[in-house]
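The file target_19.cif contains mmCIF, C-alpha atoms and all ligand atoms:
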```cif
data_final
#
loop_
_atom_site.label_atom_id
_atom_site.label_comp_id
_atom_site.auth_asym_id
_atom_site.auth_seq_id
_atom_site.Cartn_x
_atom_site.Cartn_y
_atom_site.Cartn_z
CA MET A 1 -7.37 13.71 21.93
CA THR A 2 -8.27 12.06 18.65
CA GLU A 3 -11.95 11.30 18.44
CA LEU A 4 -12.66 7.56 18.39
CA PRO A 5 -15.93 5.63 18.00
CA SER A 6 -17.85 4.78 21.20
CA ALA A 7 -18.03 1.24 22.60
CA GLN A 8 -21.54 0.92 21.09
CA GLU A 9 -20.25 2.05 17.71
CA PHE A 10 -17.49 -0.56 17.87
CA GLU A 11 -20.16 -3.16 18.61
CA ALA A 12 -22.47 -2.00 15.81
CA ILE A 13 -19.82 -1.86 13.08
CA HIS A 14 -19.89 -5.69 12.78
CA ALA A 15 -23.62 -5.81 11.98
CA GLY A 16 -24.50 -7.58 8.74
CA TYR A 17 -21.05 -9.10 8.23
CA HIS A 18 -21.05 -12.90 8.10
CA LYS A 19 -17.97 -15.15 7.92
CA ASN A 20 -19.63 -16.91 4.97
CA ALA A 21 -19.33 -14.56 1.98
CA SER A 22 -22.51 -15.98 0.44
CA ARG A 23 -24.49 -14.75 3.47
CA SER A 24 -22.64 -11.53 4.15
CA LEU A 25 -23.29 -7.84 3.73
CA SER A 26 -20.43 -5.43 3.09
CA LEU A 27 -18.78 -3.28 5.74
CA ARG A 28 -21.15 -0.63 7.10
CA LYS A 29 -20.92 2.85 5.64
CA GLU A 30 -19.94 4.54 8.92
CA ALA A 31 -16.48 3.06 8.44
CA TYR A 32 -16.23 4.92 5.11
CA VAL A 33 -17.62 8.33 5.96
CA GLU A 34 -16.90 9.20 9.59
CA GLN A 35 -13.78 10.90 10.91
CA SER A 36 -13.78 8.71 14.04
CA TRP A 37 -13.47 5.51 11.96
CA HIS A 38 -10.83 7.14 9.78
CA ASN A 39 -8.85 7.75 12.99
CA VAL A 40 -9.15 4.03 13.83
CA ASP A 41 -8.03 3.14 10.30
CA LEU A 42 -4.86 5.17 10.79
CA SER A 43 -4.01 4.02 14.31
CA ALA A 44 -5.23 0.40 14.20
CA ILE A 45 -4.58 -0.47 10.56
CA ILE A 46 -2.04 1.77 8.81
CA ALA A 47 0.20 2.24 11.88
CA ARG A 48 0.13 -1.49 12.70
CA THR A 49 0.67 -3.14 9.32
CA TRP A 50 3.51 -3.46 6.82
CA GLN A 51 3.56 -0.36 4.65
CA TRP A 52 5.25 -0.29 1.25
CA VAL A 53 8.10 2.24 0.97
CA CYS A 54 10.14 1.73 -2.23
CA HIS A 55 12.00 -0.69 -4.46
CA ILE A 56 15.19 -2.05 -2.93
CA GLU A 57 17.24 -0.15 -5.57
CA LYS A 58 16.63 3.10 -3.66
CA VAL A 59 18.42 1.89 -0.55
CA ARG A 60 20.98 -0.51 -1.93
CA ASP A 61 24.21 1.40 -1.13
CA PRO A 62 25.47 2.38 2.33
CA GLY A 63 24.23 5.88 3.13
CA SER A 64 21.27 5.74 0.77
CA TYR A 65 17.98 6.76 2.32
CA MET A 66 14.31 7.23 1.57
CA THR A 67 11.72 9.15 3.58
CA VAL A 68 7.99 8.53 3.78
CA GLU A 69 5.00 9.42 5.92
CA ILE A 70 3.03 6.59 7.52
CA ALA A 71 -0.26 7.52 9.20
CA GLY A 72 1.09 11.07 9.54
CA HIS A 73 4.42 9.97 11.04
CA PRO A 74 7.62 10.95 9.21
CA ILE A 75 9.78 7.84 8.76
CA ALA A 76 13.24 7.41 7.24
CA VAL A 77 14.70 4.19 5.85
CA VAL A 78 18.50 4.19 5.75
CA ARG A 79 21.18 1.70 4.67
CA ASP A 80 23.83 2.12 7.35
CA LYS A 81 27.63 1.82 6.92
CA GLU A 82 27.60 -1.85 7.92
CA GLY A 83 25.04 -2.56 5.20
CA ASP A 84 22.09 -3.06 7.55
CA LEU A 85 18.77 -1.59 6.57
CA ARG A 86 17.31 0.57 9.33
CA ALA A 87 14.18 2.63 9.75
CA PHE A 88 13.40 5.22 12.37
CA TYR A 89 11.08 8.08 13.13
CA ASN A 90 12.53 10.91 11.09
CA VAL A 91 12.30 13.18 14.12
CA CYS A 92 15.14 14.94 15.92
CA LYS A 93 15.58 14.16 19.61
CA HIS A 94 16.37 17.82 20.37
CA ARG A 95 13.15 19.64 19.47
CA ALA A 96 11.46 17.29 17.02
CA HIS A 97 12.42 18.81 13.67
CA GLU A 98 12.35 16.51 10.66
CA LEU A 99 15.84 15.16 9.89
CA LEU A 100 16.12 13.78 6.36
CA SER A 101 13.95 14.87 3.48
CA GLY A 102 13.10 13.28 0.17
CA GLU A 103 15.62 10.63 -0.84
CA GLY A 104 19.36 10.54 -1.43
CA ASN A 105 22.67 9.54 0.05
CA ALA A 106 24.32 10.78 3.25
CA THR A 107 27.30 9.87 5.41
CA ARG A 108 25.72 11.37 8.55
CA ILE A 109 22.30 12.68 9.43
CA MET A 110 22.39 16.35 10.38
CA CYS A 111 19.28 18.06 11.69
CA PRO A 112 18.57 21.20 9.65
CA TYR A 113 17.34 23.09 12.77
CA HIS A 114 20.29 23.23 15.26
CA ALA A 115 22.71 20.86 13.54
CA TRP A 116 22.65 17.88 15.86
CA VAL A 117 24.40 15.06 14.03
CA TYR A 118 23.46 11.37 14.08
CA LYS A 119 25.22 8.31 12.67
CA LEU A 120 23.37 6.30 10.04
CA ASP A 121 22.46 3.80 12.75
CA GLY A 122 20.57 6.56 14.60
CA HIS A 123 23.07 7.30 17.39
CA LEU A 124 23.70 10.94 18.24
CA VAL A 125 27.35 11.85 17.72
CA ARG A 126 27.43 15.65 17.97
CA ALA A 127 25.26 18.31 19.60
CA PRO A 128 26.82 21.80 19.28
CA HIS A 129 27.23 23.94 22.41
CA THR A 130 26.02 21.29 24.83
CA GLY A 131 29.38 20.90 26.70
CA ASN A 132 28.09 22.87 29.72
CA LEU A 133 24.91 20.91 30.19
CA GLU A 134 24.55 18.82 33.31
CA GLY A 135 23.58 15.19 33.04
CA PHE A 136 23.52 15.30 29.24
CA GLU A 137 25.05 12.25 27.56
CA PRO A 138 24.89 12.45 23.76
CA LYS A 139 25.97 8.79 23.59
CA GLU A 140 22.74 7.73 25.26
CA ILE A 141 20.59 9.42 22.64
CA CYS A 142 19.37 7.41 19.68
CA LEU A 143 16.56 7.86 17.18
CA ASP A 144 13.48 5.69 17.74
CA GLN A 145 13.76 2.67 15.49
CA VAL A 146 10.86 1.04 13.67
CA GLN A 147 10.67 -2.35 11.98
CA VAL A 148 11.86 -2.56 8.40
CA GLU A 149 11.93 -5.52 6.01
CA GLU A 150 13.01 -6.33 2.48
CA PHE A 151 10.38 -8.48 0.88
CA CYS A 152 10.43 -9.62 -2.75
CA GLY A 153 12.42 -6.67 -4.04
CA PHE A 154 10.62 -3.98 -2.05
CA VAL A 155 11.10 -2.29 1.32
CA TYR A 156 8.31 -2.18 3.88
CA VAL A 157 8.12 -0.67 7.36
CA ASN A 158 5.83 -1.38 10.28
CA LEU A 159 5.29 1.11 13.13
CA ASP A 160 4.09 -1.68 15.40
CA PRO A 161 7.16 -2.98 17.27
CA ASP A 162 5.36 -6.24 18.06
CA ALA A 163 4.19 -7.07 14.54
CA PRO A 164 5.44 -10.41 13.17
CA SER A 165 7.63 -10.09 10.06
CA LEU A 166 5.95 -9.63 6.71
CA SER A 167 7.41 -12.88 5.37
CA ALA A 168 6.05 -14.76 8.40
CA GLN A 169 2.61 -13.19 7.92
CA THR A 170 2.30 -13.83 4.20
CA GLY A 171 2.81 -17.59 3.85
CA ASP A 172 3.27 -18.46 0.17
CA LEU A 173 3.13 -14.91 -1.21
CA GLU A 174 6.89 -14.74 -1.72
CA THR A 175 6.88 -18.06 -3.64
CA GLU A 176 4.00 -16.82 -5.79
CA ILE A 177 5.59 -13.47 -6.59
CA ARG A 178 8.97 -15.02 -7.37
CA HIS A 179 7.30 -17.61 -9.57
CA TRP A 180 5.70 -14.93 -11.73
CA ALA A 181 8.39 -12.26 -11.37
CA PRO A 182 11.75 -14.00 -10.77
CA ASP A 183 13.61 -10.85 -11.81
CA ILE A 184 11.81 -8.53 -9.40
CA GLU A 185 14.98 -7.32 -7.63
CA LYS A 186 16.53 -6.37 -10.99
CA LEU A 187 13.66 -4.21 -12.17
CA THR A 188 14.20 -0.48 -12.07
CA PHE A 189 11.97 2.53 -11.53
CA GLY A 190 10.45 3.85 -14.74
CA HIS A 191 7.57 6.16 -13.99
CA ARG A 192 5.13 7.35 -11.30
CA LEU A 193 1.50 8.33 -11.72
CA THR A 194 -0.29 10.03 -8.81
CA TYR A 195 -3.96 10.62 -8.03
CA ASP A 196 -5.96 12.54 -5.46
CA ILE A 197 -9.35 10.87 -5.04
CA ARG A 198 -12.43 12.14 -3.22
CA SER A 199 -13.28 8.81 -1.67
CA ASN A 200 -12.42 6.70 1.35
CA TRP A 201 -9.35 4.47 0.88
CA LYS A 202 -11.47 1.37 1.58
CA ASN A 203 -13.69 2.19 -1.40
CA VAL A 204 -10.55 2.28 -3.53
CA VAL A 205 -9.45 -1.09 -2.13
CA ASP A 206 -12.95 -2.60 -2.52
CA ASN A 207 -13.03 -1.54 -6.14
CA PHE A 208 -9.56 -2.97 -6.74
CA LEU A 209 -10.50 -6.32 -5.26
CA GLU A 210 -13.27 -7.35 -7.63
CA CYS A 211 -13.69 -7.56 -11.38
CA TYR A 212 -17.48 -7.93 -11.14
CA HIS A 213 -17.53 -4.32 -12.38
CA CYS A 214 -15.10 -4.95 -15.27
CA PRO A 215 -17.60 -5.94 -17.99
CA THR A 216 -19.69 -2.81 -17.37
CA ALA A 217 -17.02 -0.30 -16.35
CA HIS A 218 -13.88 -1.41 -18.23
CA LYS A 219 -14.80 -2.78 -21.65
CA ASP A 220 -11.20 -2.53 -22.94
CA PHE A 221 -9.82 -4.39 -19.95
CA CYS A 222 -12.07 -7.34 -20.66
CA ASP A 223 -10.35 -7.75 -24.06
CA LEU A 224 -6.89 -7.31 -22.58
CA VAL A 225 -7.34 -10.30 -20.26
CA ASP A 226 -9.26 -13.49 -20.85
CA MET A 227 -12.09 -13.03 -18.36
CA ASP A 228 -12.97 -16.75 -18.51
CA THR A 229 -9.61 -17.50 -16.86
CA TYR A 230 -9.88 -14.77 -14.19
CA LYS A 231 -9.47 -16.33 -10.77
CA VAL A 232 -9.32 -14.67 -7.36
CA THR A 233 -7.93 -16.53 -4.34
CA THR A 234 -7.78 -15.18 -0.80
CA HIS A 235 -5.09 -16.25 1.66
CA GLY A 236 -4.36 -14.91 5.19
CA ILE A 237 -3.45 -11.27 4.57
CA TYR A 238 -3.30 -11.21 0.79
CA SER A 239 -5.27 -12.16 -2.29
CA SER A 240 -4.12 -13.29 -5.74
CA HIS A 241 -5.89 -12.17 -8.93
CA MET A 242 -4.80 -14.15 -11.96
CA ALA A 243 -5.86 -14.21 -15.60
CA ASP A 244 -4.37 -15.10 -18.97
CA ALA A 245 -3.76 -12.33 -21.48
CA GLY A 246 -6.56 -12.14 -24.05
CA ASN A 247 -5.85 -13.76 -27.45
CA ALA A 248 -7.82 -11.36 -29.61
CA PRO A 249 -6.44 -7.90 -30.53
CA ASN A 250 -7.65 -5.47 -27.89
CA SER A 251 -8.36 -1.78 -27.64
CA ALA A 252 -6.41 -1.27 -24.37
CA TYR A 253 -2.79 -1.68 -25.52
CA ASP A 254 -0.74 -3.94 -27.77
CA VAL A 255 0.38 -7.22 -26.16
CA SER A 256 1.17 -9.11 -29.37
CA ASN A 257 4.92 -9.13 -28.55
CA ALA A 258 4.44 -9.77 -24.85
CA THR A 259 6.92 -12.02 -23.06
CA VAL A 260 4.72 -11.91 -19.96
CA LYS A 261 1.37 -13.43 -20.91
CA THR A 262 -0.31 -13.58 -17.54
CA HIS A 263 -2.10 -10.86 -15.67
CA ALA A 264 -0.83 -11.56 -12.13
CA VAL A 265 -1.95 -9.24 -9.38
CA TRP A 266 -1.63 -9.40 -5.63
CA TRP A 267 -3.30 -7.31 -3.00
CA LEU A 268 -1.43 -7.15 0.28
CA TRP A 269 -3.33 -6.12 3.41
CA PRO A 270 -4.15 -3.35 3.88
CA ASN A 271 -3.24 -0.97 1.05
CA THR A 272 -0.58 -2.29 -1.34
CA CYS A 273 -1.26 -3.77 -4.77
CA LEU A 274 1.40 -5.44 -6.91
CA MET A 275 0.54 -5.86 -10.58
CA ARG A 276 2.26 -7.66 -13.37
CA TYR A 277 0.41 -6.90 -16.56
CA PRO A 278 0.93 -8.63 -19.92
CA GLY A 279 3.93 -7.12 -21.78
CA ARG A 280 7.67 -7.06 -20.97
CA SER A 281 8.76 -7.94 -17.48
CA SER A 282 7.48 -5.33 -15.04
CA MET A 283 5.84 -4.74 -11.71
CA ILE A 284 3.44 -1.92 -10.98
CA VAL A 285 3.03 -1.00 -7.32
CA LEU A 286 -0.13 0.79 -6.33
CA ASN A 287 0.03 2.37 -2.90
CA ILE A 288 -3.38 3.49 -1.59
CA ILE A 289 -2.80 6.17 1.02
CA PRO A 290 -5.66 7.22 3.32
CA ALA A 291 -5.74 11.03 3.54
CA GLY A 292 -9.11 11.64 5.22
CA PRO A 293 -12.50 9.95 5.57
CA ASP A 294 -13.31 11.00 2.01
CA ARG A 295 -9.86 11.50 0.52
CA THR A 296 -7.22 9.09 -0.76
CA PHE A 297 -3.88 9.55 -2.50
CA GLU A 298 -2.65 6.93 -4.91
CA THR A 299 0.81 6.34 -6.33
CA TYR A 300 1.34 3.99 -9.25
CA ASP A 301 5.03 3.17 -9.63
CA PHE A 302 6.17 1.31 -12.73
CA PHE A 303 9.24 -0.89 -12.29
CA LEU A 304 10.58 -2.00 -15.65
CA GLU A 305 13.45 -3.84 -17.30
CA THR A 306 14.99 -0.47 -18.22
CA PRO A 307 14.38 3.07 -16.86
CA GLU A 308 12.92 4.05 -20.25
CA ALA A 309 9.58 2.52 -21.04
CA ASN A 310 9.20 0.90 -24.45
CA GLU A 311 6.34 1.80 -26.80
CA ALA A 312 4.02 -0.89 -25.45
CA GLU A 313 4.70 0.22 -21.87
CA LEU A 314 4.05 3.86 -22.73
CA ASP A 315 0.76 2.75 -24.26
CA ALA A 316 0.00 0.72 -21.14
CA MET A 317 0.70 3.75 -18.92
CA ARG A 318 -1.48 5.95 -21.09
CA TYR A 319 -4.25 3.36 -21.00
CA LEU A 320 -4.01 3.08 -17.21
CA ASP A 321 -3.87 6.86 -16.71
CA GLU A 322 -6.36 8.04 -19.32
CA VAL A 323 -8.86 5.20 -19.38
CA LEU A 324 -8.75 2.69 -16.52
CA GLN A 325 -7.99 5.16 -13.72
CA VAL A 326 -10.56 7.67 -14.96
CA GLU A 327 -13.18 4.93 -14.92
CA ASP A 328 -12.21 3.63 -11.47
CA ILE A 329 -11.84 7.05 -9.84
CA ASN A 330 -15.27 8.11 -11.11
CA ILE A 331 -16.67 4.90 -9.61
CA CYS A 332 -15.02 5.42 -6.22
CA GLU A 333 -16.12 9.06 -6.00
CA SER A 334 -19.69 8.17 -6.97
CA VAL A 335 -19.77 5.44 -4.32
CA GLN A 336 -18.48 7.86 -1.66
CA LYS A 337 -21.26 10.32 -2.54
CA GLY A 338 -23.84 7.55 -2.33
CA MET A 339 -22.56 6.41 1.05
CA ASN A 340 -23.04 9.94 2.34
CA THR A 341 -26.80 9.76 1.74
CA PRO A 342 -29.45 8.19 4.02
CA ALA A 343 -30.28 5.86 1.12
CA PHE A 344 -27.38 3.50 1.79
CA GLN A 345 -26.16 1.51 4.77
CA GLN A 346 -24.41 -1.58 3.38
CA GLY A 347 -24.92 -3.90 0.44
CA ARG A 348 -24.87 -7.58 -0.37
CA ILE A 349 -21.56 -9.25 -1.15
CA VAL A 350 -21.91 -11.04 -4.50
CA ASN A 351 -20.07 -14.31 -4.05
CA ASP A 352 -19.12 -17.07 -6.46
CA PRO A 353 -17.79 -20.05 -4.49
CA ASP A 354 -15.62 -20.94 -7.51
CA GLY A 355 -13.68 -17.70 -7.06
CA SER A 356 -14.22 -16.30 -10.53
CA GLY A 357 -13.50 -12.71 -11.52
CA MET A 358 -17.23 -12.01 -11.21
CA SER A 359 -17.13 -12.55 -7.46
CA GLU A 360 -16.64 -10.13 -4.57
CA HIS A 361 -15.17 -12.64 -2.12
CA ALA A 362 -11.86 -10.74 -1.96
CA VAL A 363 -13.82 -7.63 -0.89
CA HIS A 364 -15.45 -9.73 1.82
CA HIS A 365 -12.00 -11.03 2.83
CA PHE A 366 -10.75 -7.43 3.13
CA HIS A 367 -13.78 -6.42 5.21
CA GLY A 368 -13.12 -9.35 7.54
CA LEU A 369 -9.55 -8.13 8.10
CA VAL A 370 -10.80 -4.58 8.71
CA LEU A 371 -13.29 -5.86 11.30
CA ASP A 372 -10.56 -7.97 12.97
CA ALA A 373 -8.41 -4.83 13.25
CA TYR A 374 -11.37 -2.89 14.70
CA GLU A 375 -11.89 -5.68 17.21
CA THR A 376 -8.23 -5.51 18.29
CA ALA A 377 -8.46 -1.71 18.57
CA ARG A 378 -11.48 -1.94 20.86
CA ARG A 379 -9.64 -4.08 23.46
S1 LIG A 401 15.54 20.11 16.55
FE1 LIG A 401 17.16 19.00 15.67
S2 LIG A 401 18.91 20.03 16.33
FE2 LIG A 401 17.32 21.12 17.26
FE FE A 402 -11.92 -1.10 -11.92
#
```
What is this structure when it is put down as C-alpha cells?
Ligand code: FES
Ligand SMILES: [Fe+2]
Amino acid sequence: MTELPSAQEFEAIHAGYHKNASRSLSLRKEAYVEQSWHNVDLSAIIARTWQWVCHIEKVRDPGSYMTVEIAGHPIAVVRDKEGDLRAFYNVCKHRAHELLSGEGNATRIMCPYHAWVYKLDGHLVRAPHTGNLEGFEPKEICLDQVQVEEFCGFVYVNLDPDAPSLSAQTGDLETEIRHWAPDIEKLTFGHRLTYDIRSNWKNVVDNFLECYHCPTAHKDFCDLVDMDTYKVTTHGIYSSHMADAGNAPNSAYDVSNATVKTHAVWWLWPNTCLMRYPGRSSMIVLNIIPAGPDRTFETYDFFLETPEANEAELDAMRYLDEVLQVEDINICESVQKGMNTPAFQQGRIVNDPDGSGMSEHAVHHFHGLVLDAYETARR
C-alpha cells in the first residue's frame, strides 16, 4: 500500500492559504518534502491531468508511435491504420511485459517476452501456442486504452478516463497560442536539454510562475525582455506570461533580427510550460516531471522552423542551458534545502493586483489548484 497523508494531514495542508492572493500564504512545506504528499501528487495530480507527450510530428503517419511514463505507468501513443490517434497502457495482457519501447513505426505490436501480437488499435490478434487453452478467446483481449488528445500541435494523454478534454478545460488557451504561434503544427524538433534537479517539482513550477526573482537572479533576462511590459494573467487551469522583447542590446542572446518580438509563455496545469522566446518562430516545451519528494526531471524541447538551429537559436540554447537554468536550478535546490529545516513552514505570497511580472499571483493560482486536487483526493 502506498503511504498517504492522514485525514488530519489533509485538513491541515490548507492552513494559511486564502483565496485572495493579497492575504494568502504559500502552500505548506509538507507538500514539498514528504513522501506521502508526493504519492498524492502522482495519483491525484499527475495521473488525473493532461500530460504532454510530444509534438504531433512524431505520430503523424499510420504506425508511428511514442512511449512515455506517466506517474510511473508506461504509456504508448500510436497512430493506427485508420489514422486515429490512440493511447494505451504499454503493458502486455499476458504477463505484463512492456510492449513498445522508445519511438518509431510499426505495423503490429509484438510483445518482446512471448510474442503475443496486437493490432495498432490494441486488439490481440495472435498468441502462440494457445490453441489448446479452454475458454481463451484472443479476440476478447484488448489493451487498456487511455485518453489522448491533439492540442495546438502537441499530443497529451490523461490517465483519468473521466477527465474532460483538454480543449474543454482550457477555454481560450488554444486561441491565445494560435494567435502567437500560428505555425505551431509546422514546427519541427530541433534539440532537447535535460536536467535532474534535487528539488520538489512544485518548487520548480513555483519558480517558473513568477518573475519577482528575475531582477535579482537573472540580470541578463531582464535586458532580453522589457520588464515594464511583463504581465501575468491566470485563467482556469493555465496562466499566460507576456512581455515585449527588450529594445536595448542585451547580454543574453542576440534578438536584433528577431521576427518574433514577444516573449509569450504559458503554463498549463500542472507541469507543462510552453515558451515562445524572441527570435525566429519557435516553441520551447518544458516538461517538469516529478521523480520523488526532492527530485525532479526536466526536459526542454526546442521546436523550430528547421531541424537545425540558426546561430541566434544556438546562442539562446546556450544561454538557457549555461546561464538561466543554472541560476534557476540553484534556486530550486536551495529552496528545497530550506524547506527541510525547522526554520520554514510557508511564506507570504507577494501579490500585485495589476498582475505585473513582480507578482506571485500565478504561484498562488497554482497552489489553489494543488489544494483543489488534494481536496478531491481526500473524498
Ligand atoms: S508478457 Fe507479453 S507475451 Fe508474455
Ligand atoms: Fe528563474
Contacts to ligand LIG 401 (chain A) at 10 Å cut-off (all atoms listed in the file) as an MDAnalysis selection string: chainID A and resid 91:99 110:117 126:128
Could you pull out the residues sitting within 7 Å of ligand FE 402 (chain A), using all atoms listed in the file, and write them as a ChimeraX atom specification? /A:207-208,211,213-214,217-218,324,327-328
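The interatomic distance for the pair CA of Tyr300 in chain A and CA of His38 in chain A works out to 22.8 Å.
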Using all atoms listed in the file and a cutoff of 7 Å, can you tell me which residues are near (-18.9, 5.8, 14.7) in the file's coordinates, and write them out as a list of chain:residue names? A:Pro5, A:Ser6, A:Glu9, A:Glu30, A:Glu34, A:Ser36, A:Trp37
Restrict the calculation to all atoms listed in the file, then for each residue of range 169-220 of chain A with any atom at most 8 Å from an atom of range 51-75 of chain A give the closest atom pair and their distance in Å to one decimal, rows by chain and rising residue number, as a Markdown table.
```
| residue | atom | partner | partner_atom | distance |
| --- | --- | --- | --- | --- |
| A:Glu185 | CA | A:Ile56 | CA | 7.1 |
| A:Thr188 | CA | A:Glu57 | CA | 7.2 |
| A:Phe189 | CA | A:His55 | CA | 7.8 |
```
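Take CA of Thr272 in chain A and CA of Glu3 in chain A: the distance between them is 26.6 Å.
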As a CSV table (one decimal), in the frame of the given file, the rebuilt range 259-280 of chain A with N, CA and C atoms:
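Output below, filename selection25.csv:
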```csv
chain,number,residue,atom,x,y,z
A,259,THR,N,6.2,-10.8,-23.6
A,259,THR,CA,6.9,-12.0,-23.1
A,259,THR,C,6.2,-12.5,-21.8
A,260,VAL,N,5.5,-11.6,-21.1
A,260,VAL,CA,4.7,-11.9,-20.0
A,260,VAL,C,3.3,-12.0,-20.4
A,261,LYS,N,2.7,-13.2,-20.3
A,261,LYS,CA,1.4,-13.4,-20.9
A,261,LYS,C,0.3,-13.6,-19.9
A,262,THR,N,0.7,-13.4,-18.6
A,262,THR,CA,-0.3,-13.6,-17.5
A,262,THR,C,-0.5,-12.3,-16.8
A,263,HIS,N,-1.8,-12.0,-16.5
A,263,HIS,CA,-2.1,-10.9,-15.7
A,263,HIS,C,-2.1,-11.4,-14.2
A,264,ALA,N,-1.0,-11.0,-13.5
A,264,ALA,CA,-0.8,-11.6,-12.1
A,264,ALA,C,-0.8,-10.4,-11.2
A,265,VAL,N,-1.8,-10.4,-10.3
A,265,VAL,CA,-2.0,-9.2,-9.4
A,265,VAL,C,-2.1,-9.8,-8.0
A,266,TRP,N,-1.5,-9.1,-7.0
A,266,TRP,CA,-1.6,-9.4,-5.6
A,266,TRP,C,-2.0,-8.2,-4.9
A,267,TRP,N,-3.0,-8.4,-4.0
A,267,TRP,CA,-3.3,-7.3,-3.0
A,267,TRP,C,-2.8,-7.8,-1.7
A,268,LEU,N,-2.0,-6.8,-1.0
A,268,LEU,CA,-1.4,-7.2,0.3
A,268,LEU,C,-2.1,-6.2,1.3
A,269,TRP,N,-2.7,-6.9,2.3
A,269,TRP,CA,-3.3,-6.1,3.4
A,269,TRP,C,-2.4,-5.1,4.0
A,270,PRO,N,-2.8,-3.9,4.2
A,270,PRO,CA,-4.2,-3.4,3.9
A,270,PRO,C,-4.2,-2.5,2.6
A,271,ASN,N,-3.1,-2.0,2.1
A,271,ASN,CA,-3.2,-1.0,1.0
A,271,ASN,C,-2.2,-1.0,0.0
A,272,THR,N,-1.6,-2.2,-0.3
A,272,THR,CA,-0.6,-2.3,-1.3
A,272,THR,C,-1.1,-3.3,-2.4
A,273,CYS,N,-0.9,-2.9,-3.7
A,273,CYS,CA,-1.3,-3.8,-4.8
A,273,CYS,C,0.0,-3.9,-5.7
A,274,LEU,N,0.3,-5.1,-6.0
A,274,LEU,CA,1.4,-5.4,-6.9
A,274,LEU,C,0.8,-6.0,-8.2
A,275,MET,N,1.2,-5.5,-9.3
A,275,MET,CA,0.5,-5.9,-10.6
A,275,MET,C,1.6,-6.2,-11.6
A,276,ARG,N,1.4,-7.3,-12.2
A,276,ARG,CA,2.3,-7.7,-13.4
A,276,ARG,C,1.3,-7.9,-14.5
A,277,TYR,N,1.3,-6.9,-15.4
A,277,TYR,CA,0.4,-6.9,-16.6
A,277,TYR,C,1.1,-7.6,-17.7
A,278,PRO,N,0.3,-8.1,-18.7
A,278,PRO,CA,0.9,-8.6,-19.9
A,278,PRO,C,1.8,-7.6,-20.6
A,279,GLY,N,3.0,-8.0,-21.1
A,279,GLY,CA,3.9,-7.1,-21.8
A,279,GLY,C,5.3,-7.6,-21.6
A,280,ARG,N,6.3,-6.7,-21.4
A,280,ARG,CA,7.7,-7.1,-21.0
A,280,ARG,C,7.6,-7.4,-19.5
```
